[in-house]
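Structure file my_file.txt; described as compact mmCIF, N, CA, C and O atoms.
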```txt
# COMPACT_ATOMS: atom_id res chain seq x y z
N LEU A 108 85.84 113.86 104.54
CA LEU A 108 85.69 112.59 105.23
C LEU A 108 87.04 112.05 105.70
O LEU A 108 87.11 111.41 106.72
N LEU A 109 88.08 112.33 104.93
CA LEU A 109 89.40 111.80 105.28
C LEU A 109 89.94 112.42 106.57
O LEU A 109 90.59 111.74 107.36
N ALA A 110 89.69 113.70 106.80
CA ALA A 110 90.22 114.38 107.99
C ALA A 110 89.75 113.73 109.29
O ALA A 110 90.57 113.47 110.18
N PRO A 111 88.46 113.41 109.47
CA PRO A 111 88.04 112.76 110.72
C PRO A 111 88.64 111.36 110.89
O PRO A 111 88.96 110.95 111.99
N VAL A 112 88.79 110.64 109.78
CA VAL A 112 89.39 109.31 109.86
C VAL A 112 90.85 109.42 110.30
O VAL A 112 91.30 108.70 111.19
N ARG A 113 91.60 110.34 109.70
CA ARG A 113 93.01 110.52 110.08
C ARG A 113 93.15 111.02 111.51
O ARG A 113 94.12 110.70 112.19
N ALA A 114 92.18 111.82 111.98
CA ALA A 114 92.22 112.29 113.36
C ALA A 114 92.02 111.13 114.34
O ALA A 114 92.66 111.06 115.38
N ALA A 115 91.12 110.21 114.00
CA ALA A 115 90.83 109.07 114.86
C ALA A 115 91.89 107.98 114.76
O ALA A 115 92.19 107.31 115.74
N ALA A 116 92.46 107.81 113.58
CA ALA A 116 93.47 106.77 113.36
C ALA A 116 94.57 107.34 112.46
O ALA A 116 94.58 107.09 111.26
N PRO A 117 95.49 108.13 113.05
CA PRO A 117 96.53 108.75 112.22
C PRO A 117 97.41 107.69 111.56
O PRO A 117 97.67 106.64 112.14
N PRO A 118 97.85 107.97 110.32
CA PRO A 118 98.71 107.00 109.65
C PRO A 118 100.04 106.87 110.36
O PRO A 118 100.60 107.85 110.85
N ARG A 119 100.52 105.66 110.46
CA ARG A 119 101.80 105.42 111.14
C ARG A 119 102.96 105.76 110.22
O ARG A 119 104.04 106.11 110.67
N VAL A 120 102.75 105.62 108.92
CA VAL A 120 103.78 105.92 107.93
C VAL A 120 103.27 107.03 107.03
O VAL A 120 102.14 106.98 106.57
N LYS A 121 104.12 108.05 106.81
CA LYS A 121 103.74 109.17 105.94
C LYS A 121 104.77 109.32 104.84
O LYS A 121 105.96 109.10 105.05
N LEU A 122 104.29 109.73 103.67
CA LEU A 122 105.17 109.97 102.52
C LEU A 122 105.01 111.42 102.10
O LEU A 122 103.89 111.90 101.92
N VAL A 123 106.13 112.11 101.93
CA VAL A 123 106.13 113.46 101.40
C VAL A 123 106.87 113.40 100.07
O VAL A 123 108.03 112.99 100.02
N GLY A 124 106.17 113.73 99.00
CA GLY A 124 106.75 113.67 97.67
C GLY A 124 105.65 113.63 96.64
O GLY A 124 104.49 113.94 96.93
N ASP A 125 106.02 113.26 95.44
CA ASP A 125 105.06 113.17 94.34
C ASP A 125 103.91 112.26 94.73
O ASP A 125 104.12 111.14 95.20
N ARG A 126 102.69 112.73 94.56
CA ARG A 126 101.53 111.93 94.98
C ARG A 126 101.32 110.70 94.12
O ARG A 126 100.50 109.85 94.42
N ARG A 127 102.09 110.58 93.04
CA ARG A 127 102.00 109.39 92.19
C ARG A 127 102.90 108.27 92.68
O ARG A 127 103.00 107.22 92.04
N ILE A 128 103.55 108.45 93.83
CA ILE A 128 104.30 107.36 94.46
C ILE A 128 103.31 106.61 95.35
O ILE A 128 102.74 107.18 96.28
N HIS A 129 103.11 105.34 95.04
CA HIS A 129 102.16 104.51 95.78
C HIS A 129 102.88 103.88 96.97
O HIS A 129 104.00 103.39 96.84
N LEU A 130 102.25 103.90 98.13
CA LEU A 130 102.83 103.36 99.36
C LEU A 130 101.95 102.26 99.92
O LEU A 130 100.73 102.42 99.97
N GLU A 131 102.57 101.17 100.31
CA GLU A 131 101.90 100.11 101.07
C GLU A 131 102.80 99.77 102.23
O GLU A 131 104.01 99.64 102.06
N ALA A 132 102.22 99.65 103.43
CA ALA A 132 103.01 99.38 104.63
C ALA A 132 102.41 98.22 105.41
O ALA A 132 101.19 98.03 105.42
N GLY A 133 103.29 97.48 106.06
CA GLY A 133 102.87 96.37 106.91
C GLY A 133 103.90 96.16 108.00
O GLY A 133 104.96 96.77 108.00
N ARG A 134 103.58 95.28 108.93
CA ARG A 134 104.50 94.98 110.03
C ARG A 134 104.85 93.51 110.01
O ARG A 134 104.02 92.66 109.69
N LEU A 135 106.08 93.22 110.39
CA LEU A 135 106.56 91.85 110.54
C LEU A 135 107.49 91.86 111.75
O LEU A 135 108.65 92.29 111.64
N GLY A 136 106.98 91.47 112.91
CA GLY A 136 107.77 91.53 114.14
C GLY A 136 108.12 92.98 114.46
O GLY A 136 107.25 93.83 114.55
N ASP A 137 109.43 93.25 114.62
CA ASP A 137 109.90 94.60 114.92
C ASP A 137 110.15 95.42 113.66
O ASP A 137 110.64 96.53 113.74
N ASP A 138 109.84 94.86 112.51
CA ASP A 138 110.07 95.55 111.24
C ASP A 138 108.79 96.16 110.69
O ASP A 138 107.73 95.54 110.72
N THR A 139 108.93 97.38 110.19
CA THR A 139 107.87 97.99 109.38
C THR A 139 108.36 97.91 107.95
O THR A 139 109.45 98.39 107.63
N ILE A 140 107.60 97.25 107.09
CA ILE A 140 107.97 97.04 105.70
C ILE A 140 107.13 97.99 104.85
O ILE A 140 105.91 97.97 104.91
N VAL A 141 107.82 98.81 104.05
CA VAL A 141 107.13 99.79 103.21
C VAL A 141 107.51 99.54 101.75
O VAL A 141 108.70 99.50 101.42
N GLN A 142 106.52 99.34 100.91
CA GLN A 142 106.74 99.19 99.48
C GLN A 142 106.37 100.50 98.80
O GLN A 142 105.29 101.04 99.05
N LEU A 143 107.27 101.00 97.96
CA LEU A 143 107.04 102.23 97.23
C LEU A 143 107.11 101.94 95.73
O LEU A 143 108.09 101.35 95.26
N VAL A 144 106.07 102.31 95.01
CA VAL A 144 106.04 102.15 93.56
C VAL A 144 105.89 103.54 92.95
O VAL A 144 104.96 104.27 93.29
N ASN A 145 106.80 103.88 92.07
CA ASN A 145 106.82 105.21 91.46
C ASN A 145 106.07 105.18 90.13
O ASN A 145 106.54 104.61 89.15
N PHE A 146 104.92 105.82 90.11
CA PHE A 146 104.13 105.93 88.89
C PHE A 146 104.27 107.30 88.24
O PHE A 146 103.49 107.66 87.37
N SER A 147 105.28 108.09 88.65
CA SER A 147 105.41 109.46 88.14
C SER A 147 105.80 109.51 86.67
O SER A 147 105.65 110.55 86.03
N GLY A 148 106.28 108.41 86.10
CA GLY A 148 106.63 108.39 84.68
C GLY A 148 105.41 108.27 83.77
O GLY A 148 105.53 108.37 82.55
N PHE A 149 104.24 108.07 84.36
CA PHE A 149 103.02 107.94 83.58
C PHE A 149 102.37 109.31 83.44
O PHE A 149 102.22 110.03 84.42
N GLY A 150 101.98 109.66 82.24
CA GLY A 150 101.33 110.95 82.01
C GLY A 150 99.83 110.81 81.95
O GLY A 150 99.27 109.75 82.24
N ASP A 151 99.18 111.86 81.53
CA ASP A 151 97.73 111.86 81.43
C ASP A 151 97.23 111.27 80.11
O ASP A 151 96.06 110.99 79.95
N THR A 152 98.13 111.12 79.14
CA THR A 152 97.76 110.56 77.85
C THR A 152 98.69 109.39 77.53
O THR A 152 99.82 109.35 78.02
N PRO A 153 98.25 108.45 76.73
CA PRO A 153 99.10 107.31 76.38
C PRO A 153 100.41 107.78 75.73
O PRO A 153 100.41 108.68 74.89
N ALA A 154 101.51 107.19 76.17
CA ALA A 154 102.82 107.55 75.63
C ALA A 154 103.77 106.39 75.91
O ALA A 154 103.43 105.47 76.65
N ALA A 155 104.94 106.45 75.34
CA ALA A 155 105.96 105.43 75.59
C ALA A 155 106.34 105.45 77.08
O ALA A 155 106.36 106.51 77.71
N PHE A 156 106.63 104.27 77.62
CA PHE A 156 107.02 104.17 79.03
C PHE A 156 108.34 104.89 79.25
O PHE A 156 109.27 104.79 78.45
N LYS A 157 108.42 105.61 80.35
CA LYS A 157 109.68 106.24 80.73
C LYS A 157 109.82 106.17 82.24
O LYS A 157 108.83 106.08 82.97
N VAL A 158 111.05 106.16 82.68
CA VAL A 158 111.35 106.10 84.11
C VAL A 158 111.74 107.50 84.56
O VAL A 158 112.62 108.12 83.98
N THR A 159 111.07 107.99 85.59
CA THR A 159 111.36 109.31 86.14
C THR A 159 111.61 109.15 87.64
O THR A 159 110.66 109.06 88.42
N PRO A 160 112.88 109.06 88.07
CA PRO A 160 113.15 108.94 89.50
C PRO A 160 112.53 110.09 90.27
O PRO A 160 112.49 111.23 89.80
N ALA A 161 112.01 109.78 91.46
CA ALA A 161 111.32 110.78 92.27
C ALA A 161 111.89 110.79 93.69
O ALA A 161 111.97 109.75 94.34
N ALA A 162 112.29 111.97 94.13
CA ALA A 162 112.76 112.14 95.51
C ALA A 162 111.56 112.23 96.43
O ALA A 162 110.52 112.78 96.07
N CYS A 163 111.70 111.65 97.62
CA CYS A 163 110.63 111.71 98.61
C CYS A 163 111.23 111.51 99.99
O CYS A 163 112.41 111.20 100.13
N SER A 164 110.40 111.68 100.99
CA SER A 164 110.82 111.34 102.35
C SER A 164 109.71 110.51 102.98
O SER A 164 108.53 110.71 102.72
N LEU A 165 110.14 109.55 103.76
CA LEU A 165 109.24 108.60 104.40
C LEU A 165 109.40 108.78 105.90
O LEU A 165 110.52 108.79 106.40
N SER A 166 108.30 108.96 106.62
CA SER A 166 108.34 109.15 108.07
C SER A 166 107.53 108.06 108.75
O SER A 166 106.46 107.69 108.28
N LEU A 167 108.06 107.58 109.86
CA LEU A 167 107.40 106.54 110.65
C LEU A 167 107.25 107.04 112.08
O LEU A 167 108.22 107.53 112.66
N VAL A 168 106.06 106.91 112.64
CA VAL A 168 105.86 107.20 114.05
C VAL A 168 106.40 106.01 114.83
O VAL A 168 105.92 104.89 114.67
N VAL A 169 107.43 106.24 115.64
CA VAL A 169 108.08 105.17 116.40
C VAL A 169 107.25 104.91 117.66
O VAL A 169 106.92 105.84 118.39
N PRO A 170 106.90 103.64 117.89
CA PRO A 170 106.09 103.33 119.08
C PRO A 170 106.80 103.76 120.37
O PRO A 170 108.03 103.74 120.45
N ALA A 171 106.01 104.12 121.37
CA ALA A 171 106.56 104.52 122.67
C ALA A 171 107.44 103.41 123.22
O ALA A 171 107.11 102.22 123.13
N GLY A 172 108.58 103.79 123.76
CA GLY A 172 109.51 102.82 124.34
C GLY A 172 110.40 102.14 123.34
O GLY A 172 111.22 101.29 123.69
N LYS A 173 110.26 102.46 122.06
CA LYS A 173 111.07 101.84 121.01
C LYS A 173 111.97 102.90 120.37
O LYS A 173 111.74 104.09 120.52
N GLN A 174 112.98 102.45 119.67
CA GLN A 174 113.82 103.34 118.87
C GLN A 174 114.19 102.64 117.58
O GLN A 174 114.14 101.41 117.50
N VAL A 175 114.55 103.41 116.58
CA VAL A 175 114.94 102.84 115.30
C VAL A 175 116.34 102.25 115.44
O VAL A 175 117.26 102.91 115.91
N LYS A 176 116.46 101.00 115.05
CA LYS A 176 117.75 100.29 115.10
C LYS A 176 118.44 100.28 113.75
O LYS A 176 119.66 100.33 113.67
N ALA A 177 117.65 100.19 112.67
CA ALA A 177 118.23 100.12 111.32
C ALA A 177 117.16 100.46 110.29
O ALA A 177 115.97 100.25 110.52
N VAL A 178 117.62 100.98 109.16
CA VAL A 178 116.75 101.21 108.00
C VAL A 178 117.51 100.71 106.78
O VAL A 178 118.68 101.08 106.58
N THR A 179 116.87 99.87 105.99
CA THR A 179 117.48 99.38 104.76
C THR A 179 116.52 99.59 103.59
O THR A 179 115.30 99.67 103.78
N VAL A 180 117.11 99.69 102.39
CA VAL A 180 116.33 99.82 101.17
C VAL A 180 116.85 98.79 100.19
O VAL A 180 118.06 98.64 100.00
N SER A 181 115.93 98.08 99.58
CA SER A 181 116.30 97.17 98.49
C SER A 181 115.46 97.53 97.28
O SER A 181 114.34 98.02 97.41
N SER A 182 116.05 97.32 96.11
CA SER A 182 115.35 97.67 94.88
C SER A 182 115.95 96.93 93.70
O SER A 182 117.18 96.85 93.60
N PRO A 183 115.12 96.43 92.80
CA PRO A 183 115.66 95.84 91.58
C PRO A 183 116.26 96.89 90.65
O PRO A 183 116.93 96.56 89.68
N ASP A 184 116.04 98.18 90.96
CA ASP A 184 116.60 99.26 90.15
C ASP A 184 118.08 99.50 90.46
O ASP A 184 118.77 100.17 89.69
N ASN A 185 118.57 99.00 91.59
CA ASN A 185 119.97 99.18 91.99
C ASN A 185 120.85 98.12 91.33
O ASN A 185 120.34 97.09 90.87
N PRO A 186 122.16 98.34 91.30
CA PRO A 186 123.06 97.32 90.73
C PRO A 186 122.89 95.96 91.40
O PRO A 186 123.03 94.92 90.77
N SER A 187 122.58 95.96 92.70
CA SER A 187 122.29 94.73 93.44
C SER A 187 120.97 94.94 94.16
O SER A 187 120.75 95.99 94.78
N PRO A 188 120.08 93.93 94.13
CA PRO A 188 118.82 94.08 94.84
C PRO A 188 118.94 93.85 96.35
O PRO A 188 117.95 93.96 97.07
N ALA A 189 120.15 93.54 96.83
CA ALA A 189 120.35 93.29 98.25
C ALA A 189 120.03 94.53 99.08
O ALA A 189 120.29 95.66 98.64
N PRO A 190 119.47 94.35 100.26
CA PRO A 190 119.18 95.51 101.11
C PRO A 190 120.46 96.27 101.44
O PRO A 190 121.50 95.67 101.71
N ARG A 191 120.38 97.59 101.38
CA ARG A 191 121.53 98.42 101.75
C ARG A 191 121.09 99.39 102.84
O ARG A 191 119.98 99.91 102.80
N PRO A 192 121.95 99.61 103.83
CA PRO A 192 121.58 100.52 104.91
C PRO A 192 121.50 101.96 104.41
O PRO A 192 122.26 102.36 103.52
N VAL A 193 120.58 102.72 104.96
CA VAL A 193 120.45 104.14 104.66
C VAL A 193 120.36 104.90 105.97
O VAL A 193 120.02 104.33 107.01
N THR A 194 120.67 106.18 105.92
CA THR A 194 120.62 106.99 107.13
C THR A 194 119.21 107.50 107.38
O THR A 194 118.42 107.63 106.45
N TRP A 195 118.92 107.79 108.62
CA TRP A 195 117.63 108.32 109.02
C TRP A 195 117.86 109.38 110.08
O TRP A 195 118.93 109.45 110.69
N THR A 196 116.86 110.20 110.29
CA THR A 196 116.88 111.19 111.36
C THR A 196 115.68 110.96 112.26
O THR A 196 114.68 110.38 111.82
N VAL A 197 115.79 111.40 113.50
CA VAL A 197 114.69 111.26 114.44
C VAL A 197 114.38 112.64 115.01
O VAL A 197 115.29 113.38 115.39
N SER A 198 113.09 112.98 115.02
CA SER A 198 112.63 114.22 115.62
C SER A 198 111.36 113.88 116.40
O SER A 198 110.36 113.47 115.80
N GLY A 199 111.43 114.03 117.71
CA GLY A 199 110.28 113.65 118.54
C GLY A 199 110.05 112.15 118.43
O GLY A 199 110.96 111.36 118.64
N ASP A 200 108.84 111.77 118.04
CA ASP A 200 108.53 110.34 117.91
C ASP A 200 108.53 109.87 116.46
O ASP A 200 108.03 108.80 116.16
N GLU A 201 109.09 110.69 115.54
CA GLU A 201 109.11 110.32 114.12
C GLU A 201 110.53 110.11 113.62
O GLU A 201 111.41 110.93 113.87
N ALA A 202 110.71 109.02 112.90
CA ALA A 202 111.96 108.75 112.19
C ALA A 202 111.70 109.04 110.72
O ALA A 202 110.67 108.64 110.18
N THR A 203 112.64 109.72 110.06
CA THR A 203 112.46 110.12 108.67
C THR A 203 113.64 109.66 107.84
O THR A 203 114.79 109.76 108.25
N VAL A 204 113.33 109.16 106.63
CA VAL A 204 114.33 108.69 105.68
C VAL A 204 114.10 109.43 104.36
O VAL A 204 112.98 109.49 103.88
N ALA A 205 115.17 109.98 103.80
CA ALA A 205 115.09 110.61 102.48
C ALA A 205 115.47 109.56 101.44
O ALA A 205 116.47 108.85 101.60
N LEU A 206 114.66 109.45 100.38
CA LEU A 206 114.86 108.42 99.36
C LEU A 206 114.66 108.99 97.97
O LEU A 206 113.98 109.99 97.79
N THR A 207 115.21 108.28 96.99
CA THR A 207 114.85 108.50 95.60
C THR A 207 114.35 107.16 95.08
O THR A 207 115.05 106.17 95.16
N VAL A 208 113.11 107.15 94.60
CA VAL A 208 112.50 105.93 94.10
C VAL A 208 112.53 105.98 92.57
O VAL A 208 111.96 106.89 91.97
N THR A 209 113.21 105.00 91.98
CA THR A 209 113.24 104.94 90.52
C THR A 209 111.94 104.32 90.03
O THR A 209 111.11 104.99 89.44
N GLN A 210 111.77 103.01 90.27
CA GLN A 210 110.51 102.36 89.94
C GLN A 210 109.89 101.68 91.16
O GLN A 210 108.72 101.84 91.40
N TYR A 211 110.73 100.95 91.92
CA TYR A 211 110.23 100.21 93.08
C TYR A 211 111.30 100.18 94.16
O TYR A 211 112.48 99.97 93.87
N SER A 212 110.90 100.40 95.39
CA SER A 212 111.79 100.28 96.54
C SER A 212 111.07 99.60 97.68
O SER A 212 109.88 99.84 97.90
N LEU A 213 111.81 98.77 98.40
CA LEU A 213 111.29 98.10 99.58
C LEU A 213 112.10 98.61 100.76
O LEU A 213 113.32 98.41 100.82
N VAL A 214 111.44 99.31 101.66
CA VAL A 214 112.12 99.92 102.82
C VAL A 214 111.76 99.10 104.06
O VAL A 214 110.59 98.81 104.30
N THR A 215 112.78 98.73 104.83
CA THR A 215 112.58 98.00 106.08
C THR A 215 113.09 98.87 107.21
O THR A 215 114.28 99.24 107.23
N ILE A 216 112.20 99.21 108.14
CA ILE A 216 112.57 100.02 109.30
C ILE A 216 112.46 99.11 110.51
O ILE A 216 111.37 98.62 110.85
N THR A 217 113.60 98.86 111.16
CA THR A 217 113.64 97.96 112.31
C THR A 217 113.68 98.78 113.59
O THR A 217 114.52 99.67 113.74
N THR A 218 112.76 98.48 114.50
CA THR A 218 112.72 99.16 115.81
C THR A 218 112.98 98.13 116.89
O THR A 218 112.83 96.93 116.68
N GLY A 219 113.35 98.61 118.03
CA GLY A 219 113.59 97.68 119.15
C GLY A 219 113.71 98.43 120.44
O GLY A 219 113.61 99.62 120.53
```

Turn the structure described in the file into structure tokens.
Amino acid sequence: LLAPVRAAAPPRVKLVGDRRIHLEAGRLGDDTIVQLVNFSGFGDTPAAFKVTPAACSLSLVVPAGKQVKAVTVSSPDNPSPAPRPVTWTVSGDEATVALTVTQYSLVTITTG
């Protein structure tokens, strides 16, 4: 059932990485805001909480006529929760950012 839905309405934001990383995305003006929550430290049986950083990549389909102007990441896991710029690559109509999510990251992708 998922394949026909994705064919009709492809996701604008894609995540490649541990499937236990939860993604939520929204738009605010020219910004795409992506929240990533890393649940990879949770096992199949009850155990003490542990943090397991997870590498992933986040891709955004850039709207026609637009380009990525900036990408920032903020996280309470960093020494400062202030947004910090990160590098991205562009291939065709997709911009991709490589990240490591400790527990929570807020990614802002600005297009213009």

Exercise. Leaving out Ser166 in chain A and any residue of its chain fewer than 3 positions from it, which residues lie within 5 Å of it when counting all atoms listed in the file, given as a PyMOL selection string?
Worked result: chain A and resi 119-121+202-203

May I have the selected residues written with N, CA, C and O atoms, as a compact mmCIF listing (two decimals), keeping the file's coordinate frame?
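Output saved as selection-v8.txt:
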```txt
# COMPACT_ATOMS: atom_id res chain seq x y z
N ARG A 119 100.52 105.66 110.46
CA ARG A 119 101.80 105.42 111.14
C ARG A 119 102.96 105.76 110.22
O ARG A 119 104.04 106.11 110.67
N VAL A 120 102.75 105.62 108.92
CA VAL A 120 103.78 105.92 107.93
C VAL A 120 103.27 107.03 107.03
O VAL A 120 102.14 106.98 106.57
N LYS A 121 104.12 108.05 106.81
CA LYS A 121 103.74 109.17 105.94
C LYS A 121 104.77 109.32 104.84
O LYS A 121 105.96 109.10 105.05
N ALA A 202 110.71 109.02 112.90
CA ALA A 202 111.96 108.75 112.19
C ALA A 202 111.70 109.04 110.72
O ALA A 202 110.67 108.64 110.18
N THR A 203 112.64 109.72 110.06
CA THR A 203 112.46 110.12 108.67
C THR A 203 113.64 109.66 107.84
O THR A 203 114.79 109.76 108.25
```

Selection: 4.5 Å around range 204-211 of chain A, all atoms listed in the file, excl. self and same-chain fewer than 5 positions, as a JSON list (two decimals) with N, CA, C and O atoms, in the frame of the given file:
```json
[["chain", "number", "residue", "atom", "x", "y", "z"],
["A", 143, "LEU", "N", 107.27, 101.00, 97.96],
["A", 143, "LEU", "CA", 107.04, 102.23, 97.23],
["A", 143, "LEU", "C", 107.11, 101.94, 95.73],
["A", 143, "LEU", "O", 108.09, 101.35, 95.26],
["A", 144, "VAL", "N", 106.07, 102.31, 95.01],
["A", 144, "VAL", "CA", 106.04, 102.15, 93.56],
["A", 144, "VAL", "C", 105.89, 103.54, 92.95],
["A", 144, "VAL", "O", 104.96, 104.27, 93.29],
["A", 145, "ASN", "N", 106.80, 103.88, 92.07],
["A", 145, "ASN", "CA", 106.82, 105.21, 91.46],
["A", 145, "ASN", "C", 106.07, 105.18, 90.13],
["A", 145, "ASN", "O", 106.54, 104.61, 89.15],
["A", 159, "THR", "N", 111.07, 107.99, 85.59],
["A", 159, "THR", "CA", 111.36, 109.31, 86.14],
["A", 159, "THR", "C", 111.61, 109.15, 87.64],
["A", 159, "THR", "O", 110.66, 109.06, 88.42],
["A", 160, "PRO", "N", 112.88, 109.06, 88.07],
["A", 160, "PRO", "CA", 113.15, 108.94, 89.50],
["A", 160, "PRO", "C", 112.53, 110.09, 90.27],
["A", 160, "PRO", "O", 112.49, 111.23, 89.80],
["A", 161, "ALA", "N", 112.01, 109.78, 91.46],
["A", 161, "ALA", "CA", 111.32, 110.78, 92.27],
["A", 161, "ALA", "C", 111.89, 110.79, 93.69],
["A", 161, "ALA", "O", 111.97, 109.75, 94.34],
["A", 162, "ALA", "N", 112.29, 111.97, 94.13],
["A", 162, "ALA", "CA", 112.76, 112.14, 95.51],
["A", 162, "ALA", "C", 111.56, 112.23, 96.43],
["A", 162, "ALA", "O", 110.52, 112.78, 96.07],
["A", 163, "CYS", "N", 111.70, 111.65, 97.62],
["A", 163, "CYS", "CA", 110.63, 111.71, 98.61],
["A", 163, "CYS", "C", 111.23, 111.51, 99.99],
["A", 163, "CYS", "O", 112.41, 111.20, 100.13],
["A", 164, "SER", "N", 110.40, 111.68, 100.99],
["A", 164, "SER", "CA", 110.82, 111.34, 102.35],
["A", 164, "SER", "C", 109.71, 110.51, 102.98],
["A", 164, "SER", "O", 108.53, 110.71, 102.72],
["A", 165, "LEU", "N", 110.14, 109.55, 103.76],
["A", 165, "LEU", "CA", 109.24, 108.60, 104.40],
["A", 165, "LEU", "C", 109.40, 108.78, 105.90],
["A", 165, "LEU", "O", 110.52, 108.79, 106.40],
["A", 181, "SER", "N", 115.93, 98.08, 99.58],
["A", 181, "SER", "CA", 116.30, 97.17, 98.49],
["A", 181, "SER", "C", 115.46, 97.53, 97.28],
["A", 181, "SER", "O", 114.34, 98.02, 97.41],
["A", 182, "SER", "N", 116.05, 97.32, 96.11],
["A", 182, "SER", "CA", 115.35, 97.67, 94.88],
["A", 182, "SER", "C", 115.95, 96.93, 93.70],
["A", 182, "SER", "O", 117.18, 96.85, 93.60],
["A", 194, "THR", "N", 120.67, 106.18, 105.92],
["A", 194, "THR", "CA", 120.62, 106.99, 107.13],
["A", 194, "THR", "C", 119.21, 107.50, 107.38],
["A", 194, "THR", "O", 118.42, 107.63, 106.45]]
```

Exercise. Hey, what's within 5 Å of range 173-179 of chain A if we count all atoms listed in the file and toss same-chain stuff fewer than 3 positions away? As a ChimeraX atom specification, please?
Worked result: /A:170,191-193,213-219

Problem set entry | Selected residue of minimal separation from Ser147 in chain A among A:Leu108, A:Ala114, A:Ile128, A:Leu122, counting only N, CA, C and O atoms | A:Ile128

Taking all listed atoms of range 151-154 of chain A, build the axis-aligned box, pad each of the six sides by 3 Å, then write its centre and edge lengths in Å to one decimal as AutoDock Vina command-line options.
```
--center_x 99.9 --center_y 108.7 --center_z 78.2 --size_x 13.7 --size_y 12.4 --size_z 12.6
```

For this session: Take atom N of Val112 in chain A and atom N of Val169 in chain A and report the distance between them in Å, one decimal.
Result: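 Atom-to-atom, atom N of Val112 in chain A to atom N of Val169 in chain A, that is 20.0 Å.
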
Exercise. Expressed in Å to a single decimal, how great is the separation between atom C of Ala171 in chain A and atom N of Asp200 in chain A?
Worked result: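 Interatomic distance, atom C of Ala171 in chain A to atom N of Asp200 in chain A: 9.9 Å.
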
Exercise. Tell me, which residues of chain A carry DSSP strand (DSSP E), written as a PyMOL selection string?
Worked result: chain A and resi 120-124+128-135+138-145+161-168+175-181+191-192+196-198+201-208+211-218

Exercise. CA of Val180 in chain A to CA of Ser212 in chain A: how many Å, to one decimal?
Worked result: 6.5 Å

Problem set entry | Nearest residue to Leu167 in chain A from the set A:Arg113, A:Asp137, A:Thr196, A:Leu130 (distances using all atoms listed in the file) |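 Selected residue with least distance to Leu167 in chain A: A:Thr196.
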
Seminar exercise, completed: The residue from A:Pro190, A:Pro183, A:Trp195, A:Arg127 with the smallest atom-to-atom distance to Phe149 in chain A, counting all atoms listed in the file, is A:Arg127

For this session: Mind listing the helix (DSSP H, G or I) residues of chain A, per DSSP on the backbone, as number ranges by chain?
Result: A: 109-115
